[in-house]
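model01.csv, holding CSV, C-alpha atoms:
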```csv
chain,number,residue,atom,x,y,z
A,1,MET,CA,4.0,-26.1,-16.7
A,2,ILE,CA,4.5,-22.6,-15.4
A,3,VAL,CA,6.8,-22.5,-12.5
A,4,CYS,CA,7.0,-18.8,-11.7
A,5,VAL,CA,5.4,-15.5,-12.6
A,6,ALA,CA,6.7,-12.1,-11.5
A,7,VAL,CA,5.7,-8.5,-11.8
A,8,VAL,CA,8.5,-6.0,-11.6
A,9,GLY,CA,8.1,-2.3,-11.4
A,10,HIS,CA,9.7,0.4,-13.5
A,11,GLN,CA,12.6,0.8,-11.1
A,12,ASN,CA,13.2,-3.0,-11.2
A,13,ASN,CA,11.6,-3.3,-7.8
A,14,PRO,CA,9.6,-6.6,-7.3
A,15,LEU,CA,5.9,-6.1,-7.0
A,16,TYR,CA,4.8,-9.7,-7.0
A,17,ILE,CA,6.6,-13.0,-7.3
A,18,GLN,CA,4.8,-16.3,-7.1
A,19,SER,CA,6.2,-19.7,-7.8
A,20,PHE,CA,4.0,-22.7,-8.6
A,21,THR,CA,6.3,-25.6,-7.9
A,22,ASP,CA,6.3,-27.8,-4.8
A,23,ALA,CA,10.1,-27.9,-4.7
A,24,ASP,CA,11.8,-25.4,-2.6
A,25,ASP,CA,13.6,-23.6,-5.3
A,26,ALA,CA,12.0,-20.2,-4.9
A,27,LEU,CA,15.4,-18.6,-4.6
A,28,LYS,CA,16.6,-20.0,-7.9
A,29,LEU,CA,13.5,-18.8,-9.6
A,30,HIS,CA,13.9,-15.3,-8.2
A,31,HIS,CA,17.4,-15.3,-9.5
A,32,ILE,CA,16.2,-16.3,-13.0
A,33,VAL,CA,13.6,-13.5,-12.9
A,34,HIS,CA,16.3,-11.1,-11.8
A,35,CYS,CA,18.6,-12.0,-14.7
A,36,SER,CA,15.8,-11.8,-17.2
A,37,LEU,CA,15.4,-8.1,-16.3
A,38,ASP,CA,18.7,-7.4,-18.0
A,39,VAL,CA,17.5,-9.0,-21.1
A,40,VAL,CA,14.3,-6.9,-21.1
A,41,ASP,CA,16.3,-3.7,-20.8
A,42,GLU,CA,18.6,-4.8,-23.6
A,43,ARG,CA,15.7,-5.7,-25.9
A,44,VAL,CA,13.9,-2.4,-25.2
A,45,ASN,CA,16.9,-0.1,-25.5
A,46,ASN,CA,18.4,-1.7,-28.6
A,47,PRO,CA,16.3,-0.5,-31.5
A,48,LYS,CA,18.5,-1.8,-34.3
A,49,ARG,CA,17.8,-5.4,-33.4
A,50,SER,CA,14.1,-5.2,-32.7
A,51,GLY,CA,12.9,-3.7,-36.0
A,52,PRO,CA,9.2,-3.5,-36.5
A,53,THR,CA,8.3,-5.0,-33.1
A,54,LEU,CA,10.0,-2.2,-31.2
A,55,ASN,CA,7.0,-0.9,-29.4
A,56,GLU,CA,5.1,-4.1,-28.9
A,57,THR,CA,4.3,-5.0,-25.3
A,58,PHE,CA,5.0,-8.7,-25.8
A,59,LEU,CA,8.7,-9.3,-25.8
A,60,GLY,CA,8.7,-13.0,-26.5
A,61,LEU,CA,11.2,-15.5,-25.4
A,62,LEU,CA,13.9,-13.7,-23.4
A,63,TYR,CA,16.3,-16.5,-23.0
A,64,PRO,CA,16.2,-20.3,-22.5
A,65,THR,CA,18.2,-22.0,-19.8
A,66,GLU,CA,18.7,-25.7,-19.7
A,67,ASN,CA,15.4,-26.4,-18.0
A,68,TYR,CA,13.4,-23.2,-18.3
A,69,LYS,CA,12.0,-20.8,-20.8
A,70,VAL,CA,11.6,-17.2,-19.8
A,71,TYR,CA,9.1,-14.9,-21.5
A,72,GLY,CA,8.8,-11.2,-21.0
A,73,TYR,CA,6.1,-8.5,-21.4
A,74,LEU,CA,6.6,-4.8,-20.9
A,75,THR,CA,3.6,-2.5,-20.4
A,76,ASN,CA,3.3,1.1,-21.3
A,77,THR,CA,3.9,2.1,-17.7
A,78,LYS,CA,7.2,0.3,-17.7
A,79,VAL,CA,6.0,-2.6,-15.6
A,80,LYS,CA,7.5,-5.9,-16.6
A,81,PHE,CA,5.8,-9.3,-16.4
A,82,ILE,CA,8.1,-12.3,-16.4
A,83,LEU,CA,6.9,-15.8,-17.0
A,84,VAL,CA,9.1,-18.9,-16.3
A,85,THR,CA,7.9,-22.2,-17.7
A,86,THR,CA,9.3,-25.7,-18.1
A,87,ASP,CA,7.2,-26.6,-21.1
A,88,LEU,CA,9.2,-27.6,-24.1
A,89,ASP,CA,6.5,-26.9,-26.7
A,90,VAL,CA,4.9,-23.6,-25.8
A,91,ARG,CA,2.9,-21.8,-28.4
A,92,ASP,CA,3.4,-18.1,-28.9
A,93,VAL,CA,-0.3,-17.4,-29.0
A,94,ASP,CA,-0.8,-19.2,-25.6
A,95,VAL,CA,1.9,-17.0,-24.0
A,96,ARG,CA,0.3,-13.8,-25.5
A,97,ASN,CA,-3.1,-14.8,-24.2
A,98,PHE,CA,-1.6,-15.5,-20.8
A,99,PHE,CA,0.0,-12.1,-20.6
A,100,LYS,CA,-3.2,-10.4,-21.8
A,101,ARG,CA,-5.2,-12.0,-19.0
A,102,PHE,CA,-2.4,-11.3,-16.6
A,103,HIS,CA,-2.3,-7.7,-17.6
A,104,ALA,CA,-6.1,-7.4,-17.0
A,105,ALA,CA,-5.7,-8.9,-13.5
A,106,TYR,CA,-2.8,-6.5,-12.8
A,107,ALA,CA,-4.8,-3.5,-13.9
A,108,ASP,CA,-7.6,-4.5,-11.6
A,109,ALA,CA,-5.1,-5.0,-8.7
A,110,VAL,CA,-3.5,-1.7,-9.2
A,111,SER,CA,-6.9,0.1,-9.3
A,112,ASN,CA,-7.5,-1.0,-5.8
A,113,PRO,CA,-7.5,2.3,-3.8
A,114,PHE,CA,-5.7,0.6,-0.9
A,115,HIS,CA,-2.8,-0.4,-3.1
A,116,MET,CA,0.2,1.9,-2.9
A,117,PRO,CA,1.9,2.3,-6.2
A,118,GLY,CA,5.4,1.0,-5.9
A,119,LYS,CA,4.7,-1.3,-3.1
A,120,LYS,CA,4.1,-5.1,-3.4
A,121,ILE,CA,0.7,-6.3,-4.4
A,122,THR,CA,-0.9,-7.9,-1.4
A,123,SER,CA,-4.3,-8.6,-2.8
A,124,ARG,CA,-5.6,-12.1,-2.3
A,125,THR,CA,-8.0,-11.7,-5.2
A,126,PHE,CA,-5.1,-11.0,-7.5
A,127,ALA,CA,-3.3,-14.1,-6.2
A,128,GLU,CA,-6.3,-16.2,-6.9
A,129,ARG,CA,-6.9,-14.8,-10.3
A,130,VAL,CA,-3.2,-15.4,-11.2
A,131,SER,CA,-3.5,-19.0,-10.0
A,132,THR,CA,-6.6,-19.5,-12.2
A,133,ILE,CA,-4.8,-18.1,-15.2
A,134,VAL,CA,-1.7,-20.2,-14.6
A,135,LYS,CA,-3.8,-23.3,-14.2
A,136,SER,CA,-5.6,-22.8,-17.5
A,137,PHE,CA,-2.4,-22.0,-19.3
A,138,GLY,CA,-1.9,-24.3,-22.3
A,139,PHE,CA,-5.1,-26.2,-21.8
A,140,SER,CA,-6.9,-24.1,-24.4
A,141,SER,CA,-4.7,-25.7,-27.0
A,142,ALA,CA,-5.8,-29.2,-26.2
A,143,GLY,CA,-8.2,-30.9,-28.7
G,144,MET,CA,-16.8,-6.3,-17.6
G,145,GLY,CA,-18.6,-3.0,-18.0
G,146,ARG,CA,-20.1,-1.8,-14.8
G,147,GLU,CA,-21.6,1.7,-15.0
G,148,VAL,CA,-22.1,4.5,-12.7
G,149,SER,CA,-24.6,7.3,-13.3
G,150,GLU,CA,-23.0,10.5,-14.4
G,151,SER,CA,-24.9,12.6,-12.0
G,152,CYS,CA,-23.4,10.6,-9.2
G,153,ILE,CA,-19.9,11.5,-10.4
G,154,ASP,CA,-20.8,15.1,-10.8
G,155,SER,CA,-22.2,15.2,-7.2
G,156,LEU,CA,-19.2,13.4,-5.8
G,157,LEU,CA,-16.8,15.8,-7.4
G,158,THR,CA,-18.7,18.8,-6.3
G,159,GLU,CA,-18.9,17.5,-2.8
G,160,MET,CA,-15.3,16.6,-2.7
G,161,VAL,CA,-14.2,20.1,-3.7
G,162,SER,CA,-16.6,21.7,-1.3
G,163,THR,CA,-15.6,19.4,1.6
G,164,TYR,CA,-11.9,20.0,1.1
G,165,CYS,CA,-12.3,23.7,0.7
G,166,ASN,CA,-14.8,24.4,3.4
G,167,ARG,CA,-14.4,21.8,6.0
G,168,PHE,CA,-11.0,20.1,5.9
G,169,TYR,CA,-8.7,23.0,5.0
G,170,ALA,CA,-11.2,25.8,5.6
G,171,ASN,CA,-8.7,28.7,5.5
G,172,LYS,CA,-5.9,27.1,3.6
G,173,PRO,CA,-7.0,26.9,-0.1
G,174,GLU,CA,-3.5,26.0,-1.2
G,175,LEU,CA,-3.5,22.9,1.0
G,176,ALA,CA,-7.0,22.0,-0.2
G,177,ALA,CA,-5.9,22.4,-3.8
G,178,ARG,CA,-2.8,20.2,-3.2
G,179,ARG,CA,-4.8,17.5,-1.6
G,180,ILE,CA,-7.4,17.5,-4.4
G,181,GLU,CA,-4.7,17.4,-7.0
G,182,ALA,CA,-3.0,14.5,-5.2
G,183,ILE,CA,-6.3,12.5,-5.3
G,184,GLY,CA,-6.4,13.2,-9.0
G,185,TYR,CA,-2.8,12.1,-9.4
G,186,GLN,CA,-3.6,8.7,-7.9
G,187,VAL,CA,-6.7,8.3,-10.1
G,188,GLY,CA,-4.8,9.2,-13.2
G,189,HIS,CA,-2.1,6.8,-12.3
G,190,GLN,CA,-4.5,3.9,-12.0
G,191,LEU,CA,-6.6,4.9,-15.0
G,192,SER,CA,-3.5,5.1,-17.3
G,193,GLU,CA,-2.6,1.5,-16.4
G,194,ARG,CA,-6.0,0.3,-17.4
G,195,TYR,CA,-6.4,2.4,-20.6
G,196,THR,CA,-3.0,1.6,-22.0
G,197,MET,CA,-3.5,-2.1,-21.8
G,198,GLU,CA,-4.2,-2.9,-25.4
G,199,ARG,CA,-1.8,-0.5,-27.0
G,200,PRO,CA,1.8,-0.8,-28.1
G,201,ARG,CA,4.3,1.4,-26.2
G,202,PHE,CA,4.7,5.0,-27.0
G,203,SER,CA,7.8,6.1,-28.8
G,204,ASP,CA,8.0,9.6,-27.6
G,205,HIS,CA,6.3,12.3,-25.5
G,206,LEU,CA,4.1,13.6,-28.3
G,207,GLU,CA,2.6,10.1,-28.8
G,208,ALA,CA,1.8,10.0,-25.1
G,209,ILE,CA,0.2,13.4,-25.1
G,210,LYS,CA,-1.8,12.5,-28.2
G,211,PHE,CA,-3.0,9.4,-26.3
G,212,ILE,CA,-4.2,11.6,-23.5
G,213,CYS,CA,-5.9,13.9,-26.0
G,214,LYS,CA,-7.7,11.2,-27.8
G,215,ASP,CA,-8.2,7.8,-26.2
G,216,PHE,CA,-7.8,8.8,-22.5
G,217,TRP,CA,-10.1,11.8,-22.8
G,218,SER,CA,-12.7,9.8,-24.7
G,219,GLU,CA,-12.7,7.2,-22.0
G,220,LEU,CA,-13.2,9.8,-19.3
G,221,PHE,CA,-15.4,12.4,-21.0
G,222,LYS,CA,-16.7,10.7,-24.1
G,223,LYS,CA,-15.1,13.2,-26.4
G,224,GLN,CA,-11.6,14.1,-27.5
G,225,ILE,CA,-9.5,17.2,-26.7
G,226,ASP,CA,-10.6,19.8,-29.3
G,227,ASN,CA,-7.3,21.5,-29.8
G,228,LEU,CA,-3.7,20.7,-29.0
G,229,LYS,CA,-0.9,23.3,-29.2
G,230,THR,CA,2.8,22.9,-28.4
G,231,ASN,CA,5.8,25.1,-28.4
G,232,HIS,CA,8.0,22.0,-29.3
G,233,ARG,CA,10.0,22.7,-26.1
G,234,GLY,CA,8.1,20.7,-23.7
G,235,THR,CA,4.9,22.7,-23.2
G,236,PHE,CA,1.6,21.5,-24.4
G,237,VAL,CA,-1.8,23.2,-24.2
G,238,LEU,CA,-4.8,20.9,-24.3
G,239,GLN,CA,-8.0,22.8,-25.0
G,240,ASP,CA,-11.5,21.3,-24.4
G,241,ASN,CA,-14.2,23.6,-25.7
G,242,ARG,CA,-16.8,22.1,-23.5
G,243,PHE,CA,-15.3,20.5,-20.5
G,244,ARG,CA,-17.8,18.0,-19.2
G,245,TRP,CA,-17.3,18.6,-15.5
G,246,LEU,CA,-17.8,22.3,-15.8
G,247,THR,CA,-21.0,22.2,-17.9
G,248,ARG,CA,-23.2,22.2,-14.9
G,249,MET,CA,-21.4,25.1,-13.3
G,250,SER,CA,-23.1,28.5,-13.6
G,251,ILE,CA,-21.1,31.3,-15.2
G,252,ASP,CA,-22.2,34.0,-12.8
G,253,GLN,CA,-21.5,37.0,-14.9
G,254,SER,CA,-24.8,38.6,-14.4
G,255,PRO,CA,-25.3,42.2,-15.5
G,256,GLU,CA,-28.7,42.4,-13.7
G,257,ASN,CA,-27.6,45.0,-11.3
G,258,GLY,CA,-26.8,47.4,-14.1
G,259,ALA,CA,-23.5,48.2,-12.5
G,260,SER,CA,-20.7,45.9,-13.3
G,261,GLU,CA,-20.0,43.1,-10.9
G,262,GLU,CA,-17.6,43.9,-8.1
G,263,PRO,CA,-14.1,42.7,-8.8
G,264,SER,CA,-13.8,40.9,-5.5
G,265,ILE,CA,-16.9,38.8,-6.2
G,266,MET,CA,-15.7,37.9,-9.6
G,267,ALA,CA,-12.4,36.9,-8.2
G,268,ASP,CA,-14.2,34.7,-5.7
G,269,ASN,CA,-16.2,33.0,-8.4
G,270,LYS,CA,-13.0,32.4,-10.4
G,271,ALA,CA,-11.3,30.9,-7.3
G,272,VAL,CA,-14.1,28.5,-6.7
G,273,GLN,CA,-14.3,27.5,-10.3
G,274,SER,CA,-10.5,26.9,-10.5
G,275,MET,CA,-10.8,24.7,-7.4
G,276,HIS,CA,-12.8,22.3,-9.4
G,277,LEU,CA,-10.0,22.0,-12.0
G,278,TYR,CA,-7.4,20.7,-9.6
G,279,PHE,CA,-8.8,17.2,-9.8
G,280,PRO,CA,-8.6,16.9,-13.7
G,281,CYS,CA,-5.2,18.5,-13.6
G,282,GLY,CA,-4.1,15.8,-11.1
G,283,ILE,CA,-5.6,13.1,-13.4
G,284,ILE,CA,-3.5,14.3,-16.3
G,285,ARG,CA,-0.4,14.6,-14.2
G,286,GLY,CA,-0.9,11.1,-12.8
G,287,ALA,CA,-1.5,9.5,-16.1
G,288,LEU,CA,1.6,11.1,-17.7
G,289,SER,CA,3.8,10.3,-14.7
G,290,ASN,CA,2.8,6.7,-15.0
G,291,LEU,CA,3.8,6.8,-18.6
G,292,GLY,CA,7.2,8.0,-17.6
G,293,ILE,CA,6.8,11.7,-18.3
G,294,PRO,CA,7.1,13.9,-15.1
G,295,CYS,CA,5.3,17.1,-15.7
G,296,ALA,CA,3.3,20.0,-14.1
G,297,VAL,CA,-0.3,20.6,-15.2
G,298,SER,CA,-2.3,23.8,-14.6
G,299,ALA,CA,-5.7,24.8,-15.9
G,300,ASP,CA,-6.9,28.0,-17.5
G,301,ILE,CA,-10.5,29.0,-17.5
G,302,SER,CA,-10.5,32.4,-19.1
G,303,ASN,CA,-13.6,31.6,-21.2
G,304,LEU,CA,-16.0,29.0,-19.8
G,305,PRO,CA,-17.2,26.4,-20.7
G,306,ALA,CA,-14.0,26.0,-22.7
G,307,CYS,CA,-11.0,25.0,-20.6
G,308,SER,CA,-7.3,24.7,-21.3
G,309,PHE,CA,-4.9,22.4,-19.5
G,310,VAL,CA,-1.2,23.5,-19.8
G,311,VAL,CA,1.2,20.6,-19.5
G,312,ARG,CA,4.9,21.5,-18.8
G,313,ILE,CA,7.2,18.5,-19.1
G,314,LYS,CA,10.0,18.6,-16.7
G,315,ALA,CA,13.2,18.1,-18.6
```
Just give me the structure of the file as structure tokens.
Amino acid sequence: MIVCVAVVGHQNNPLYIQSFTDADDALKLHHIVHCSLDVVDERVNNPKRSGPTLNETFLGLLYPTENYKVYGYLTNTKVKFILVTTDLDVRDVDVRNFFKRFHAAYADAVSNPFHMPGKKITSRTFAERVSTIVKSFGFSSAG
Amino acid sequence: MGREVSESCIDSLLTEMVSTYCNRFYANKPELAARRIEAIGYQVGHQLSERYTMERPRFSDHLEAIKFICKDFWSELFKKQIDNLKTNHRGTFVLQDNRFRWLTRMSIDQSPENGASEEPSIMADNKAVQSMHLYFPCGIIRGALSNLGIPCAVSADISNLPACSFVVRIKA
């Protein structure tokens, strides 16, 4: 189950953070997202370790904590997408699909002429699309 | 996902935009009009670059990003690629389009009908008007490159229409 998605700008400024749990642990999730930014920077700036996947947008599992798994995705415009999930068996292809659809929703939200680049995304349509993508995460693998 | 707009609408919109900014909003201040038009182009380029880099892996250096502008980005915008790319390997690139789509409908008013050569002031006026129309695409290029992490300055050169060159100077 996805508990949190976040969009972080290229100066590590938060553009969109949304948590999907009922519990009141929004702050803890924000903290997890914040810590994962360091891992993203390390992955991107450390070419020796990455090898052939240096320039891929999907960064994969960033780090597992005791309850959560955190996945990262870095676009060409240096915008980072962070996904926090509590699922134990998450398929790589599901996460990639998720980020692909999330990126499309993000591109649409940013193309809004009333959106100011660098400021938070306030579009309700974007929030609804993200909810839909989150809800359908993992269900495609059923059956 | 492909909604389309007729090309003549785009042409008319761009012509009207330049004409409005030059003749109505900033009637006697062409530099301000030019800056405003370029800023609009900057925002458009910023947004378009996000959309058109979606499927691709990240660029490893500046040359890759410029090549992306010349090939994929230009094809998305103008259905053709940049015809010629030159660089001095020190941060300056010249992108030459031999038939720039937004200038194809513009008359090249170098008429020798009068017998006598055209007055230099009229020719200068024509050039000024034509160059106004290029601030928007310059802004688009600058916006796209800035969003890819490459701050730069872009200017256009129309010494021989309908070919058009865009000079990109990357800020160190």
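Between atom CA of Val90 of chain A and atom CA of Phe102 of chain A the interatomic distance comes to 17.0 Å.
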Residues of chain A that have any atom at most 8 Å from an atom of chain G: could you tabulate them with the shortest-distance atom pair and the distance in Å to one decimal, using only C-alpha atoms, ordered by chain and increasing number, as JSON lines?
```
{"residue": "A:Asn55", "atom": "CA", "partner": "G:Arg201", "partner_atom": "CA", "distance": 4.8}
{"residue": "A:Glu56", "atom": "CA", "partner": "G:Pro200", "partner_atom": "CA", "distance": 4.7}
{"residue": "A:Thr57", "atom": "CA", "partner": "G:Pro200", "partner_atom": "CA", "distance": 5.6}
{"residue": "A:Thr75", "atom": "CA", "partner": "G:Arg201", "partner_atom": "CA", "distance": 7.0}
{"residue": "A:Asn76", "atom": "CA", "partner": "G:Arg201", "partner_atom": "CA", "distance": 5.0}
{"residue": "A:Thr77", "atom": "CA", "partner": "G:Leu291", "partner_atom": "CA", "distance": 4.8}
{"residue": "A:Lys78", "atom": "CA", "partner": "G:Leu291", "partner_atom": "CA", "distance": 7.4}
{"residue": "A:His103", "atom": "CA", "partner": "G:Met197", "partner_atom": "CA", "distance": 7.1}
{"residue": "A:Ala104", "atom": "CA", "partner": "G:Met197", "partner_atom": "CA", "distance": 7.6}
{"residue": "A:Ala107", "atom": "CA", "partner": "G:Arg194", "partner_atom": "CA", "distance": 5.3}
{"residue": "A:Asp108", "atom": "CA", "partner": "G:Arg194", "partner_atom": "CA", "distance": 7.7}
{"residue": "A:Val110", "atom": "CA", "partner": "G:Gln190", "partner_atom": "CA", "distance": 6.3}
{"residue": "A:Ser111", "atom": "CA", "partner": "G:Gln190", "partner_atom": "CA", "distance": 5.2}
```
Problem - Counting only C-alpha atoms, the residue of A:Asp38, A:Val84, A:Ile133, A:Ala26 that sits nearest Pro64 of chain A - result: A:Val84
Which residues come within 7 Å of Asp226 of chain G, counting only C-alpha atoms, excluding same-chain residues fewer than 6 positions away, as a CSV table (one decimal) with C-alpha atoms, in the frame of the given file?
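Wrote it out as part_17.csv, contents follow:
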```csv
chain,number,residue,atom,x,y,z
G,239,GLN,CA,-8.0,22.8,-25.0
G,240,ASP,CA,-11.5,21.3,-24.4
G,241,ASN,CA,-14.2,23.6,-25.7
```
Exercise for the section: Show me as JSON, numbers by chain the residues that reach within 10 Å of (-10.4, 21.8, -10.0), counting only C-alpha atoms and using the file's own coordinates. Expected result: {"G": [157, 158, 161, 177, 180, 181, 184, 245, 246, 271, 272, 273, 274, 275, 276, 277, 278, 279, 280, 281, 282, 298, 299]}
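Put simply, atom CA of Phe114 of chain A is 19.2 Å away from atom CA of Val130 of chain A.
Distance-wise, atom CA of Val44 of chain A and atom CA of Leu61 of chain A end up 13.4 Å apart.
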Practice task
Excluding Val39 of chain A and any residue of its chain fewer than 2 positions from it, enumerate the residues within 12 Å of it, using all atoms listed in the file, and give them as number ranges by chain.
Solution key: A: 32-37, 41-46, 59-64, 70-74, 80, 82
Kindly export the residues of the current selection with C-alpha atoms, as an mmCIF file, keeping the file's coordinate frame.
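Generated file (part11.cif):
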```cif
data_model
loop_
_atom_site.group_PDB
_atom_site.id
_atom_site.type_symbol
_atom_site.label_atom_id
_atom_site.label_comp_id
_atom_site.auth_asym_id
_atom_site.auth_seq_id
_atom_site.Cartn_x
_atom_site.Cartn_y
_atom_site.Cartn_z
ATOM 1 C CA ILE A 32 16.200 -16.300 -13.000
ATOM 2 C CA VAL A 33 13.600 -13.500 -12.900
ATOM 3 C CA HIS A 34 16.300 -11.100 -11.800
ATOM 4 C CA CYS A 35 18.600 -12.000 -14.700
ATOM 5 C CA SER A 36 15.800 -11.800 -17.200
ATOM 6 C CA LEU A 37 15.400 -8.100 -16.300
ATOM 7 C CA ASP A 41 16.300 -3.700 -20.800
ATOM 8 C CA GLU A 42 18.600 -4.800 -23.600
ATOM 9 C CA ARG A 43 15.700 -5.700 -25.900
ATOM 10 C CA VAL A 44 13.900 -2.400 -25.200
ATOM 11 C CA ASN A 45 16.900 -0.100 -25.500
ATOM 12 C CA ASN A 46 18.400 -1.700 -28.600
ATOM 13 C CA LEU A 59 8.700 -9.300 -25.800
ATOM 14 C CA GLY A 60 8.700 -13.000 -26.500
ATOM 15 C CA LEU A 61 11.200 -15.500 -25.400
ATOM 16 C CA LEU A 62 13.900 -13.700 -23.400
ATOM 17 C CA TYR A 63 16.300 -16.500 -23.000
ATOM 18 C CA PRO A 64 16.200 -20.300 -22.500
ATOM 19 C CA VAL A 70 11.600 -17.200 -19.800
ATOM 20 C CA TYR A 71 9.100 -14.900 -21.500
ATOM 21 C CA GLY A 72 8.800 -11.200 -21.000
ATOM 22 C CA TYR A 73 6.100 -8.500 -21.400
ATOM 23 C CA LEU A 74 6.600 -4.800 -20.900
ATOM 24 C CA LYS A 80 7.500 -5.900 -16.600
ATOM 25 C CA ILE A 82 8.100 -12.300 -16.400
#
```
Problem - Given all atoms listed in the file as the counted atoms, nearest of A:Phe126, A:Tyr16, A:Tyr68, A:Phe58 to Asp89 of chain A - result: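 Distance minimum relative to Asp89 of chain A lands on A:Tyr68.
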Exercise for the section: Please work out which residues fall within 10 Å of (13.4, 0.3, -11.6), coordinates as given in the file, with all atoms listed in the file counting, and return them as a list of chain:residue names. Expected result: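 The distance filter leaves exactly A:Val8, A:Gly9, A:His10, A:Gln11, A:Asn12, A:Asn13, A:Pro14, A:Leu37, A:Lys78, A:Val79, A:Lys80, A:Gly118.
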Completion exercise
Closest of G:Arg178, G:Lys222, G:Arg242, G:Arg312 to Ile284 of chain G, counting only C-alpha atoms, is G:Arg312
